[in-house]
file start.txt (compact mmCIF, C-alpha atoms and all ligand atoms)
# COMPACT_ATOMS: atom_id res chain seq x y z
CA MET A 1 116.93 62.41 69.26
CA ASN A 2 116.39 65.29 71.72
CA ASN A 3 119.01 67.88 70.83
CA GLU A 4 117.54 70.59 73.09
CA SER A 5 119.24 71.72 76.27
CA LEU A 6 118.63 74.30 78.99
CA ARG A 7 121.64 76.09 80.48
CA ILE A 8 122.82 79.33 82.06
CA LEU A 9 124.35 81.74 79.56
CA THR A 10 128.03 82.67 79.55
CA PRO A 11 129.73 85.89 78.32
CA ALA A 12 130.41 84.12 75.01
CA ASP A 13 126.65 83.96 74.39
CA LYS A 14 126.24 87.73 74.49
CA PRO A 15 125.98 88.42 70.71
CA VAL A 16 123.22 85.87 70.08
CA TYR A 17 121.40 86.92 73.23
CA MET A 18 121.51 90.58 72.21
CA ARG A 19 120.07 89.65 68.85
CA LEU A 20 117.18 87.85 70.55
CA MET A 21 116.51 90.85 72.84
CA ALA A 22 116.63 93.28 69.91
CA GLN A 23 114.10 91.17 68.07
CA ALA A 24 111.77 90.60 71.05
CA PHE A 25 111.83 94.06 72.66
CA GLU A 26 113.44 96.61 70.36
CA ARG A 27 111.73 95.87 67.06
CA GLY A 28 115.08 94.90 65.64
CA LYS A 29 116.98 98.03 66.74
CA VAL A 30 120.71 97.33 66.75
CA GLN A 31 121.84 97.30 70.40
CA LYS A 32 124.97 98.92 71.77
CA ASP A 33 127.45 96.44 73.20
CA THR A 34 127.40 98.32 76.51
CA VAL A 35 123.79 97.43 77.29
CA TYR A 36 124.80 94.40 79.34
CA ASP A 37 127.58 94.52 81.91
CA GLU A 38 130.59 92.28 82.42
CA ASN A 39 128.65 89.89 84.66
CA PHE A 40 126.46 89.12 81.68
CA GLY A 41 125.00 85.65 81.60
CA SER A 42 124.86 84.33 85.14
CA GLU A 43 121.27 85.48 85.73
CA THR A 44 119.92 84.24 82.39
CA ALA A 45 118.88 80.74 81.35
CA GLY A 46 118.41 79.82 77.72
CA ILE A 47 117.11 76.90 75.69
CA TRP A 48 119.35 75.74 72.91
CA LYS A 49 118.54 73.57 69.91
CA ASN A 50 121.35 72.46 67.65
CA ASP A 51 123.53 75.09 69.36
CA GLN A 52 121.09 77.86 68.44
CA LEU A 53 119.58 80.01 71.21
CA GLN A 54 115.79 79.55 71.07
CA ALA A 55 114.48 81.34 74.17
CA ALA A 56 115.71 83.04 77.35
CA VAL A 57 114.51 84.13 80.80
CA THR A 58 116.46 86.30 83.25
CA VAL A 59 116.01 86.39 87.03
CA ARG A 60 117.53 89.43 88.71
CA PRO A 61 118.14 89.43 92.48
CA PHE A 62 116.67 92.35 94.44
CA ALA A 63 116.03 93.13 98.10
CA VAL A 64 112.59 94.61 98.66
CA ARG A 65 111.09 96.27 101.74
CA TRP A 66 108.57 94.17 103.66
CA ARG A 67 106.53 95.55 106.55
CA ASN A 68 106.28 92.38 108.62
CA ALA A 69 109.55 90.67 107.65
CA ALA A 70 111.92 90.03 110.56
CA SER A 71 114.79 91.70 108.68
CA GLY A 72 112.63 94.44 107.10
CA THR A 73 113.34 93.10 103.60
CA LEU A 74 112.71 89.99 101.49
CA SER A 75 114.81 88.57 98.70
CA MET A 76 112.95 88.88 95.39
CA GLY A 77 113.58 87.38 91.96
CA GLY A 78 112.71 89.94 89.30
CA VAL A 79 111.81 88.09 86.09
CA ALA A 80 112.85 89.95 82.95
CA GLY A 81 113.87 89.44 79.33
CA VAL A 82 111.32 86.67 78.72
CA ALA A 83 111.69 86.00 75.02
CA THR A 84 111.54 83.33 72.33
CA GLY A 85 112.71 83.74 68.75
CA ILE A 86 109.72 84.24 66.45
CA GLU A 87 110.36 81.00 64.59
CA ALA A 88 110.57 79.03 67.88
CA ARG A 89 107.40 80.31 69.57
CA GLY A 90 104.48 78.11 70.65
CA ARG A 91 106.66 75.10 71.51
CA GLY A 92 106.59 75.48 75.29
CA TYR A 93 110.13 76.90 75.61
CA VAL A 94 109.10 79.74 77.90
CA ASP A 95 106.84 77.39 79.85
CA ARG A 96 109.92 75.29 80.58
CA LEU A 97 112.13 78.30 81.37
CA LEU A 98 109.61 79.86 83.78
CA ARG A 99 109.28 76.60 85.73
CA ASP A 100 113.07 76.39 85.80
CA SER A 101 113.28 80.00 87.01
CA LEU A 102 111.05 79.11 89.97
CA VAL A 103 113.46 76.33 90.96
CA ARG A 104 116.42 78.72 90.63
CA MET A 105 114.66 81.37 92.74
CA ARG A 106 113.71 78.85 95.42
CA ASP A 107 117.28 77.55 95.58
CA ALA A 108 118.64 81.11 95.84
CA GLY A 109 116.30 81.94 98.74
CA GLN A 110 114.30 84.43 96.65
CA VAL A 111 111.02 83.80 98.43
CA VAL A 112 108.96 86.20 96.30
CA SER A 113 109.04 87.13 92.63
CA ALA A 114 107.65 89.93 90.45
CA LEU A 115 107.52 90.85 86.76
CA TYR A 116 105.97 93.37 84.37
CA PRO A 117 103.79 91.24 82.07
CA PHE A 118 103.07 91.74 78.39
CA ALA A 119 99.82 89.86 79.13
CA TRP A 120 98.46 89.07 82.60
CA ALA A 121 96.85 85.81 81.46
CA PHE A 122 100.17 84.40 80.23
CA TYR A 123 101.94 84.53 83.62
CA ARG A 124 98.79 83.76 85.64
CA LYS A 125 99.11 80.17 84.39
CA PHE A 126 102.45 80.01 86.22
CA GLY A 127 101.19 81.45 89.52
CA TRP A 128 101.98 85.16 89.13
CA GLU A 129 98.99 87.42 89.81
CA TRP A 130 98.38 91.17 89.89
CA VAL A 131 99.17 92.81 93.22
CA GLY A 132 98.69 96.30 94.65
CA GLU A 133 97.45 99.47 93.01
CA LYS A 134 99.36 102.41 91.63
CA ARG A 135 98.02 105.62 90.18
CA SER A 136 99.33 107.32 87.08
CA VAL A 137 98.36 110.94 87.58
CA THR A 138 98.46 113.87 85.16
CA LEU A 139 98.81 117.10 87.13
CA PRO A 140 97.62 120.45 85.75
CA LEU A 141 100.66 122.52 86.77
CA ARG A 142 98.93 125.86 86.30
CA GLU A 143 96.40 124.96 89.01
CA ILE A 144 99.07 124.34 91.63
CA LYS A 145 99.62 127.25 94.01
CA ALA A 146 102.89 128.66 95.34
CA THR A 147 103.64 127.57 98.92
CA PRO A 148 105.90 129.00 101.67
CA GLU A 149 107.78 125.67 101.88
CA GLY A 150 108.60 125.92 98.17
CA ARG A 151 111.27 128.51 99.13
CA PHE A 152 113.25 125.74 100.81
CA VAL A 153 113.57 123.54 97.71
CA ARG A 154 117.05 123.48 96.15
CA GLU A 155 118.54 121.73 93.17
CA VAL A 156 120.91 118.89 94.09
CA PRO A 157 123.67 117.90 91.63
CA SER A 158 122.77 114.49 90.26
CA GLU A 159 126.35 113.26 90.95
CA THR A 160 125.87 113.58 94.73
CA ALA A 161 122.13 113.01 94.84
CA ARG A 162 122.18 109.32 95.64
CA GLU A 163 123.96 109.66 98.96
CA MET A 164 121.88 112.64 100.01
CA LEU A 165 118.51 111.23 98.99
CA ALA A 166 118.89 107.58 100.04
CA PRO A 167 117.68 108.19 103.65
CA VAL A 168 114.62 110.09 102.35
CA TYR A 169 113.88 107.32 99.86
CA ASP A 170 114.34 104.70 102.57
CA ARG A 171 112.01 106.38 105.01
CA TYR A 172 109.33 106.76 102.32
CA CYS A 173 109.59 103.13 101.20
CA ALA A 174 109.33 101.63 104.70
CA ARG A 175 105.56 101.81 104.29
CA TYR A 176 105.41 99.61 101.18
CA ASN A 177 105.76 95.91 100.56
CA GLY A 178 107.83 95.41 97.42
CA ALA A 179 109.63 98.78 97.34
CA PHE A 180 113.27 98.27 96.42
CA SER A 181 115.68 98.79 99.31
CA ALA A 182 117.93 101.84 98.91
CA GLU A 183 120.74 99.44 97.85
CA SER A 184 118.62 97.70 95.19
CA HIS A 185 116.98 100.91 93.94
CA GLN A 186 118.16 101.68 90.41
CA TRP A 187 119.59 105.11 91.17
CA SER A 188 121.82 105.36 88.14
CA ASP A 189 118.87 104.71 85.83
CA LYS A 190 116.66 107.18 87.73
CA LEU A 191 119.24 109.97 87.94
CA SER A 192 120.84 109.55 84.54
CA HIS A 193 120.46 112.03 81.71
CA ASN A 194 119.38 109.96 78.75
CA GLU A 195 117.04 109.98 75.76
CA ASP A 196 118.80 113.31 75.15
CA ARG A 197 117.16 114.89 78.23
CA THR A 198 118.57 116.15 81.53
CA THR A 199 117.20 114.75 84.79
CA PHE A 200 116.89 117.51 87.39
CA VAL A 201 116.94 116.69 91.10
CA TYR A 202 115.16 118.98 93.59
CA ALA A 203 115.06 118.40 97.34
CA TYR A 204 113.25 120.11 100.18
CA PHE A 205 115.45 121.22 103.09
CA PRO A 206 113.09 122.31 105.93
CA ASP A 207 113.93 125.82 107.17
CA GLY A 208 116.88 125.93 104.80
CA GLY A 209 118.77 123.22 106.75
CA THR A 210 121.09 120.55 105.39
CA GLU A 211 118.95 117.39 105.71
CA PRO A 212 116.34 116.91 102.97
CA THR A 213 112.96 115.34 103.83
CA ALA A 214 111.35 115.27 100.36
CA TYR A 215 112.54 115.28 96.74
CA LEU A 216 111.46 114.96 93.17
CA LEU A 217 113.19 114.01 89.93
CA TRP A 218 112.08 116.01 86.91
CA ARG A 219 112.55 115.61 83.18
CA TYR A 220 111.01 117.75 80.40
CA ASP A 221 109.40 115.91 77.49
CA SER A 222 110.99 116.68 74.19
CA GLY A 223 108.78 118.59 71.79
CA SER A 224 105.72 119.08 74.01
CA ASP A 225 104.64 121.29 76.90
CA ALA A 226 104.59 118.43 79.41
CA GLY A 227 107.11 116.64 81.60
CA GLU A 228 107.64 113.63 83.80
CA ILE A 229 108.13 113.52 87.56
CA ARG A 230 110.31 110.42 87.69
CA GLU A 231 110.05 110.18 91.48
CA PHE A 232 107.87 112.16 93.88
CA ILE A 233 109.00 111.35 97.41
CA ALA A 234 107.19 113.07 100.26
CA TYR A 235 105.88 111.63 103.52
CA THR A 236 104.89 114.75 105.47
CA PRO A 237 102.35 117.49 104.66
CA ASP A 238 105.10 120.14 104.49
CA GLY A 239 107.11 117.87 102.16
CA TYR A 240 104.15 117.68 99.76
CA ARG A 241 103.63 121.46 99.98
CA ALA A 242 107.31 122.11 99.26
CA LEU A 243 107.31 119.94 96.12
CA PHE A 244 104.02 121.46 94.94
CA GLY A 245 105.59 124.89 95.48
CA LEU A 246 108.32 123.94 93.01
CA LEU A 247 105.82 122.49 90.51
CA HIS A 248 103.88 125.78 90.62
CA TYR A 249 106.85 127.54 88.99
CA LEU A 250 107.32 124.77 86.41
CA GLY A 251 103.78 125.70 85.39
CA THR A 252 105.17 128.74 83.58
CA GLN A 253 106.82 126.33 81.09
CA CYS A 254 104.71 123.18 81.12
CA LYS A 255 100.97 122.58 81.13
CA THR A 256 101.05 119.14 82.72
CA ALA A 257 103.30 116.72 84.57
CA ARG A 258 102.93 112.96 84.76
CA VAL A 259 103.69 111.12 87.97
CA VAL A 260 103.13 107.57 89.23
CA VAL A 261 102.19 107.40 92.91
CA PRO A 262 100.97 104.72 95.32
CA ALA A 263 97.25 104.29 95.90
CA ASP A 264 97.86 104.67 99.63
CA PRO A 265 97.89 107.40 100.85
CA PRO A 266 95.59 108.91 98.20
CA PHE A 267 97.41 111.69 96.33
CA TRP A 268 94.05 113.46 96.03
CA LEU A 269 94.29 114.33 99.74
CA GLN A 270 97.05 116.75 98.77
CA LEU A 271 95.77 117.99 95.43
CA HIS A 272 92.59 117.53 93.47
CA SER A 273 90.60 119.28 90.76
CA TRP A 274 88.66 118.27 87.64
CA GLU A 275 91.89 118.63 85.68
CA VAL A 276 93.71 115.95 87.72
CA LYS A 277 93.45 112.82 85.58
CA THR A 278 94.09 109.52 87.32
CA CYS A 279 94.57 106.06 85.85
CA ILE A 280 94.60 103.12 88.28
CA GLU A 281 96.60 99.98 87.50
CA PRO A 282 98.13 97.05 89.39
CA VAL A 283 101.69 97.66 90.61
CA PHE A 284 102.91 94.55 88.79
CA GLN A 285 102.42 90.79 88.73
CA ALA A 286 103.92 88.85 91.62
CA ARG A 287 103.92 85.53 93.40
CA VAL A 288 105.29 83.70 96.37
CA VAL A 289 108.07 81.40 95.21
CA ASP A 290 108.26 79.23 98.32
CA VAL A 291 105.26 79.27 100.68
CA CYS A 292 106.98 77.88 103.77
CA ALA A 293 110.25 79.78 103.35
CA ALA A 294 108.35 83.03 102.74
CA MET A 295 106.12 82.62 105.78
CA GLY A 296 109.19 81.74 107.84
CA GLN A 297 110.65 85.20 107.17
CA LEU A 298 107.73 86.99 108.83
CA VAL A 299 107.19 88.06 112.42
CA SER A 300 103.96 87.30 114.22
CA PRO A 301 101.74 90.33 114.85
CA ASP A 302 101.69 92.08 118.24
CA GLY A 303 99.51 90.23 120.72
CA PHE A 304 99.15 87.12 118.55
CA PRO A 305 99.17 84.12 120.94
CA ASP A 306 102.14 81.76 120.57
CA GLY A 307 101.04 78.44 119.13
CA ALA A 308 97.78 79.65 117.52
CA SER A 309 97.67 78.19 114.02
CA VAL A 310 95.89 77.75 110.72
CA THR A 311 96.08 75.00 108.13
CA VAL A 312 96.12 76.14 104.53
CA GLN A 313 95.78 74.07 101.38
CA VAL A 314 97.57 75.59 98.40
CA GLU A 315 97.30 74.63 94.74
CA ASP A 316 100.36 75.44 92.66
CA GLY A 317 100.76 73.75 89.28
CA ALA A 318 104.10 75.45 88.50
CA ALA A 319 106.02 74.98 91.78
CA PRO A 320 105.25 71.49 93.13
CA TRP A 321 106.89 72.20 96.52
CA ASN A 322 104.01 74.60 97.27
CA GLN A 323 101.34 72.04 96.45
CA GLY A 324 99.67 70.60 99.55
CA THR A 325 98.50 71.48 103.04
CA PHE A 326 100.66 73.52 105.40
CA ARG A 327 100.38 74.31 109.09
CA ILE A 328 101.22 77.92 109.81
CA THR A 329 101.81 78.79 113.44
CA THR A 330 103.81 81.16 115.63
CA GLU A 331 106.70 80.55 117.99
CA SER A 332 108.69 83.15 119.94
CA GLY A 333 107.46 86.02 117.81
CA ARG A 334 108.17 84.35 114.46
CA ILE A 335 105.94 82.56 111.99
CA ARG A 336 106.64 78.89 111.31
CA CYS A 337 105.30 76.91 108.38
CA SER A 338 105.60 73.21 107.60
CA PRO A 339 103.73 70.55 105.64
CA GLU A 340 100.73 69.32 107.65
CA SER A 341 101.00 65.73 108.76
CA GLU A 342 97.40 65.28 109.96
CA ASN A 343 95.20 64.05 107.20
CA LYS A 344 92.17 66.30 107.61
CA ALA A 345 90.59 69.07 105.59
CA ALA A 346 92.43 72.42 105.78
CA ASP A 347 90.94 75.52 107.44
CA ALA A 348 91.36 77.48 104.22
CA THR A 349 91.97 76.49 100.59
CA LEU A 350 93.26 78.78 97.86
CA ASP A 351 95.43 78.70 94.78
CA ILE A 352 98.94 80.15 94.66
CA GLN A 353 97.68 83.23 92.82
CA ALA A 354 95.32 84.15 95.69
CA PHE A 355 97.86 83.11 98.32
CA SER A 356 100.42 85.37 96.67
CA GLN A 357 98.05 88.34 96.63
CA ALA A 358 97.27 87.80 100.32
CA PHE A 359 100.95 87.43 101.18
CA TRP A 360 101.85 90.64 99.34
CA GLY A 361 98.98 92.41 101.14
CA ALA A 362 96.76 93.75 98.33
CA PRO A 363 94.15 92.59 97.52
CA SER A 364 93.64 91.55 101.14
CA LEU A 365 92.31 88.20 102.36
CA PRO A 366 88.82 89.63 103.16
CA MET A 367 88.64 91.05 99.61
CA LEU A 368 89.76 87.73 98.15
CA ARG A 369 87.12 85.94 100.19
CA GLU A 370 84.42 88.30 99.01
CA ALA A 371 85.49 87.59 95.43
CA GLY A 372 85.22 83.82 96.00
CA ARG A 373 88.99 83.28 95.73
CA ILE A 374 89.38 81.48 99.07
CA GLU A 375 87.36 78.63 100.52
CA VAL A 376 87.01 78.77 104.30
CA ARG A 377 86.20 75.69 106.40
CA ASP A 378 87.17 77.01 109.81
CA GLU A 379 86.49 80.64 110.80
CA ALA A 380 88.97 80.72 113.69
CA GLY A 381 91.77 79.46 111.43
CA TYR A 382 90.82 82.00 108.75
CA GLU A 383 90.88 84.83 111.33
CA ASN A 384 94.39 83.74 112.34
CA LEU A 385 95.48 83.79 108.70
CA CYS A 386 94.07 87.33 108.32
CA ARG A 387 96.19 88.48 111.26
CA LEU A 388 99.34 86.74 110.01
CA LEU A 389 98.88 88.16 106.49
CA PRO A 390 97.44 91.65 107.04
CA ALA A 391 96.47 94.06 104.25
CA ALA A 392 99.45 96.19 103.19
CA PRO A 393 100.12 98.82 100.52
CA ILE A 394 102.45 97.80 97.69
CA PHE A 395 104.57 100.16 95.61
CA THR A 396 107.78 100.29 93.64
CA MET A 397 109.47 102.82 91.40
CA ASP A 398 111.83 100.31 89.82
CA PHE A 399 111.57 98.55 86.46
CA PHE A 400 113.46 95.47 85.39
C1 LIG A 501 105.61 85.79 74.98
C2 LIG A 501 106.66 84.81 74.47
C3 LIG A 501 107.87 84.93 75.37
C4 LIG A 501 106.08 83.40 74.55
O1 LIG A 501 107.11 82.48 74.20
P1 LIG A 501 106.81 80.96 73.73
O2 LIG A 501 108.08 80.21 73.78
O3 LIG A 501 106.03 80.99 72.48
O4 LIG A 501 105.88 80.47 74.92
P2 LIG A 501 105.26 79.03 75.08
O5 LIG A 501 105.47 78.20 73.85
O6 LIG A 501 105.72 78.50 76.38
O7 LIG A 501 103.75 79.40 75.20
C5 LIG A 501 103.06 79.84 74.05
C6 LIG A 501 101.63 79.84 74.44
O8 LIG A 501 101.40 80.95 75.29
C7 LIG A 501 100.07 81.31 75.23
N1 LIG A 501 99.98 82.76 75.04
C8 LIG A 501 100.61 83.54 74.14
N2 LIG A 501 100.22 84.82 74.33
C9 LIG A 501 99.34 84.82 75.30
C10 LIG A 501 98.55 85.82 75.92
N3 LIG A 501 98.60 87.11 75.54
N4 LIG A 501 97.73 85.46 76.94
C11 LIG A 501 97.64 84.17 77.32
N5 LIG A 501 98.35 83.19 76.78
C12 LIG A 501 99.17 83.51 75.76
C13 LIG A 501 99.45 80.62 74.07
O9 LIG A 501 98.65 79.59 74.62
C14 LIG A 501 100.61 80.05 73.31
O10 LIG A 501 100.25 78.85 72.78
P3 LIG A 501 99.79 78.71 71.20
O11 LIG A 501 100.95 78.06 70.56
O12 LIG A 501 98.59 77.85 71.30
O13 LIG A 501 99.51 80.07 70.64
C15 LIG A 501 107.08 85.13 73.00
O14 LIG A 501 105.90 85.25 72.25
C16 LIG A 501 107.90 86.41 72.83
O15 LIG A 501 109.12 86.37 72.89
N6 LIG A 501 107.24 87.57 72.60
C17 LIG A 501 107.94 88.85 72.40
C18 LIG A 501 108.61 89.36 73.67
C19 LIG A 501 107.65 89.49 74.84
O16 LIG A 501 106.60 90.12 74.76
N7 LIG A 501 108.02 88.90 76.00
C20 LIG A 501 107.27 88.96 77.23
C21 LIG A 501 107.77 90.07 78.07
S1 LIG A 501 106.87 90.19 79.59

call {"tool": "encode", "arguments": {"input": "start.txt", "output": "structure tokens"}}
result
Amino acid sequence: MNNESLRILTPADKPVYMRLMAQAFERGKVQKDTVYDENFGSETAGIWKNDQLQAAVTVRPFAVRWRNAASGTLSMGGVAGVATGIEARGRGYVDRLLRDSLVRMRDAGQVVSALYPFAWAFYRKFGWEWVGEKRSVTLPLREIKATPEGRFVREVPSETAREMLAPVYDRYCARYNGAFSAESHQWSDKLSHNEDRTTFVYAYFPDGGTEPTAYLLWRYDSGSDAGEIREFIAYTPDGYRALFGLLHYLGTQCKTARVVVPADPPFWLQLHSWEVKTCIEPVFQARVVDVCAAMGQLVSPDGFPDGASVTVQVEDGAAPWNQGTFRITTESGRIRCSPESENKAADATLDIQAFSQAFWGAPSLPMLREAGRIEVRDEAGYENLCRLLPAAPIFTMDFF
């Protein structure tokens, strides 16, 4: 008899769920009851056997910035809390829950998805693939010089920071696919004072005015002469100079500061020396949840002729609705995508992992082709696809 079932959690399931999370992610640390809010449950699916929770997967809804989306954002399912009890591992529970999460995301209109993997190979099997590049940089504070703009940096009380900084954040993020919209951005987490440390907020007000155009969030490490820049938001040369001017004076207390920045534009353009240590990593692992719905959210590029098209064959073993050949074309400035009715070989063939990377914008289609990740039968169709899915920088400062 099959006594296993898959269902969405309810508030009554909170104690057993918290136990599973403590075991999977906290090495057994007893969790405070306040970790999960009152809406607990609705975003999490679990597998139950004999009324015992075996495994769980959460999908959190976020709006992320998208450069060529008609509305400027896309709906994203952030996959989190993927866990199976130790004694229940290796039985395919998470396999089943991830496939189920794709159905839930598709039905909720979440056309893209992202997650922070414990192992890239594990989620690759389900269509998620690395996208974008970010740089974790260690800055030698004592090498940073004072700047005239540094005089216009003021501390902002963290209680009022969100309202004041949201337009700066928004302007900065417009450049990046995948950056959380100002509404989705996890301000309270970013601005909070926790782990027994204060988070300081500093903003640059050009010429001493009232509208900031750059900011950074700073926290000292405990017990070492380093610190963390939790967000470094600057999009103009004077904004960079102003924030560096502030960091110069932190150099009297701290040797180094860690900061995570996008690969584009290169941070080195603003500051570089032998002491600047840079580690390059993917932004996260992401996929397209629904090929046609995702393409349908995009605008066609300037000057792209109405009706020009490409046929694309996609292989997706985890989301069967993406499996097949699709015709992608443009109509009145928007992209349209539908299953191809003509039975002939597609212009381009790729798996959902490569399609997802191309859709997100990094690595780009030409890079994927060079790496042998896309098979091209028709050059004109491929060129159209390159214009419809252009290279784009990806970045986010949010974790889930
Ligand atoms: C990762 C985890 C969720 C997998 O759960 P599960 O229910 O055992 O998953 P499934 O049964 O569907 O798949 C297990 C299979 O995944 C594969 N797998 C496990 N780790 C892998 C890895 N690092 N890379 C590639 N494949 C891996 C194996 O093939 C394994 O099969 P096996 O029985 O032959 O060893 C579980 O081990 C867990 O809870 N770990 C601790 C919390 C955690 O790290 N979660 C992930 C957060 S991103």

call {"tool": "residues_around", "arguments": {"input": "start.txt", "residues": "A:Glu228", "least_positions_apart": "2", "cutoff": "6 Å", "atoms": "all atoms listed in the file", "output": "ChimeraX atom specification"}}
result
/A:218-219,230,257-258

call {"tool": "residues_around", "arguments": {"input": "start.txt", "residues": "A:Asn322", "least_positions_apart": "5", "cutoff": "7 Å", "atoms": "all atoms listed in the file", "output": "PDB file with C-alpha atoms, in the frame of the given file"}}
result
ATOM      1  CA  ASP A 290     108.260  79.230  98.320  1.00  0.00           C
ATOM      2  CA  VAL A 291     105.260  79.270 100.680  1.00  0.00           C
ATOM      3  CA  VAL A 314      97.570  75.590  98.400  1.00  0.00           C
ATOM      4  CA  ASP A 316     100.360  75.440  92.660  1.00  0.00           C
TER       5      ASP A 316
END

call {"tool": "closest_residue", "arguments": {"input": "start.txt", "among": "A:Arg7, A:Arg162, A:Lys14, A:Arg89", "to": "ligand LIG 501 (chain A)", "atoms": "all atoms listed in the file"}}
result
A:Arg89

call {"tool": "residues_around", "arguments": {"input": "start.txt", "residues": "A:Gly245", "least_positions_apart": "3", "cutoff": "8 Å", "atoms": "only C-alpha atoms", "output": "mmCIF file with C-alpha atoms, in the frame of the given file"}}
result
data_model
loop_
_atom_site.group_PDB
_atom_site.id
_atom_site.type_symbol
_atom_site.label_atom_id
_atom_site.label_comp_id
_atom_site.auth_asym_id
_atom_site.auth_seq_id
_atom_site.Cartn_x
_atom_site.Cartn_y
_atom_site.Cartn_z
ATOM 1 C CA ILE A 144 99.070 124.340 91.630
ATOM 2 C CA LYS A 145 99.620 127.250 94.010
ATOM 3 C CA ALA A 146 102.890 128.660 95.340
ATOM 4 C CA THR A 147 103.640 127.570 98.920
ATOM 5 C CA PRO A 148 105.900 129.000 101.670
ATOM 6 C CA GLU A 149 107.780 125.670 101.880
ATOM 7 C CA GLY A 150 108.600 125.920 98.170
ATOM 8 C CA ARG A 151 111.270 128.510 99.130
ATOM 9 C CA ARG A 241 103.630 121.460 99.980
ATOM 10 C CA ALA A 242 107.310 122.110 99.260
ATOM 11 C CA HIS A 248 103.880 125.780 90.620
ATOM 12 C CA TYR A 249 106.850 127.540 88.990
#

call {"tool": "residues_near_ligand", "arguments": {"input": "start.txt", "ligand": "ligand LIG 501 (chain A)", "cutoff": "12 Å", "atoms": "all atoms listed in the file", "output": "ChimeraX atom specification"}}
result
/A:20-28,46-47,53-58,78-99,114-126,128,284-285,399-400

call {"tool": "write_last_selection", "arguments": {"input": "start.txt", "atoms": "C-alpha atoms", "output": "compact mmCIF listing (two decimals), keeping the file's coordinate frame"}}
result
# COMPACT_ATOMS: atom_id res chain seq x y z
CA LEU A 20 117.18 87.85 70.55
CA MET A 21 116.51 90.85 72.84
CA ALA A 22 116.63 93.28 69.91
CA GLN A 23 114.10 91.17 68.07
CA ALA A 24 111.77 90.60 71.05
CA PHE A 25 111.83 94.06 72.66
CA GLU A 26 113.44 96.61 70.36
CA ARG A 27 111.73 95.87 67.06
CA GLY A 28 115.08 94.90 65.64
CA GLY A 46 118.41 79.82 77.72
CA ILE A 47 117.11 76.90 75.69
CA LEU A 53 119.58 80.01 71.21
CA GLN A 54 115.79 79.55 71.07
CA ALA A 55 114.48 81.34 74.17
CA ALA A 56 115.71 83.04 77.35
CA VAL A 57 114.51 84.13 80.80
CA THR A 58 116.46 86.30 83.25
CA GLY A 78 112.71 89.94 89.30
CA VAL A 79 111.81 88.09 86.09
CA ALA A 80 112.85 89.95 82.95
CA GLY A 81 113.87 89.44 79.33
CA VAL A 82 111.32 86.67 78.72
CA ALA A 83 111.69 86.00 75.02
CA THR A 84 111.54 83.33 72.33
CA GLY A 85 112.71 83.74 68.75
CA ILE A 86 109.72 84.24 66.45
CA GLU A 87 110.36 81.00 64.59
CA ALA A 88 110.57 79.03 67.88
CA ARG A 89 107.40 80.31 69.57
CA GLY A 90 104.48 78.11 70.65
CA ARG A 91 106.66 75.10 71.51
CA GLY A 92 106.59 75.48 75.29
CA TYR A 93 110.13 76.90 75.61
CA VAL A 94 109.10 79.74 77.90
CA ASP A 95 106.84 77.39 79.85
CA ARG A 96 109.92 75.29 80.58
CA LEU A 97 112.13 78.30 81.37
CA LEU A 98 109.61 79.86 83.78
CA ARG A 99 109.28 76.60 85.73
CA ALA A 114 107.65 89.93 90.45
CA LEU A 115 107.52 90.85 86.76
CA TYR A 116 105.97 93.37 84.37
CA PRO A 117 103.79 91.24 82.07
CA PHE A 118 103.07 91.74 78.39
CA ALA A 119 99.82 89.86 79.13
CA TRP A 120 98.46 89.07 82.60
CA ALA A 121 96.85 85.81 81.46
CA PHE A 122 100.17 84.40 80.23
CA TYR A 123 101.94 84.53 83.62
CA ARG A 124 98.79 83.76 85.64
CA LYS A 125 99.11 80.17 84.39
CA PHE A 126 102.45 80.01 86.22
CA TRP A 128 101.98 85.16 89.13
CA PHE A 284 102.91 94.55 88.79
CA GLN A 285 102.42 90.79 88.73
CA PHE A 399 111.57 98.55 86.46
CA PHE A 400 113.46 95.47 85.39

call {"tool": "atom_distance", "arguments": {"input": "start.txt", "atom1": "atom CA of A:Leu388", "atom2": "atom CA of A:Ile335"}}
result
8.1 Å

call {"tool": "residues_around", "arguments": {"input": "start.txt", "residues": "A:Ser136", "least_positions_apart": "4", "cutoff": "8 Å", "atoms": "all atoms listed in the file", "output": "VMD selection string"}}
result
chain A and resid 258 to 261 278 to 281

call {"tool": "residues_around", "arguments": {"input": "start.txt", "residues": "stretch 71-76 of chain A", "least_positions_apart": "3", "cutoff": "6 Å", "atoms": "only C-alpha atoms", "output": "PyMOL selection string"}}
result
chain A and resi 61-66+110+112-113
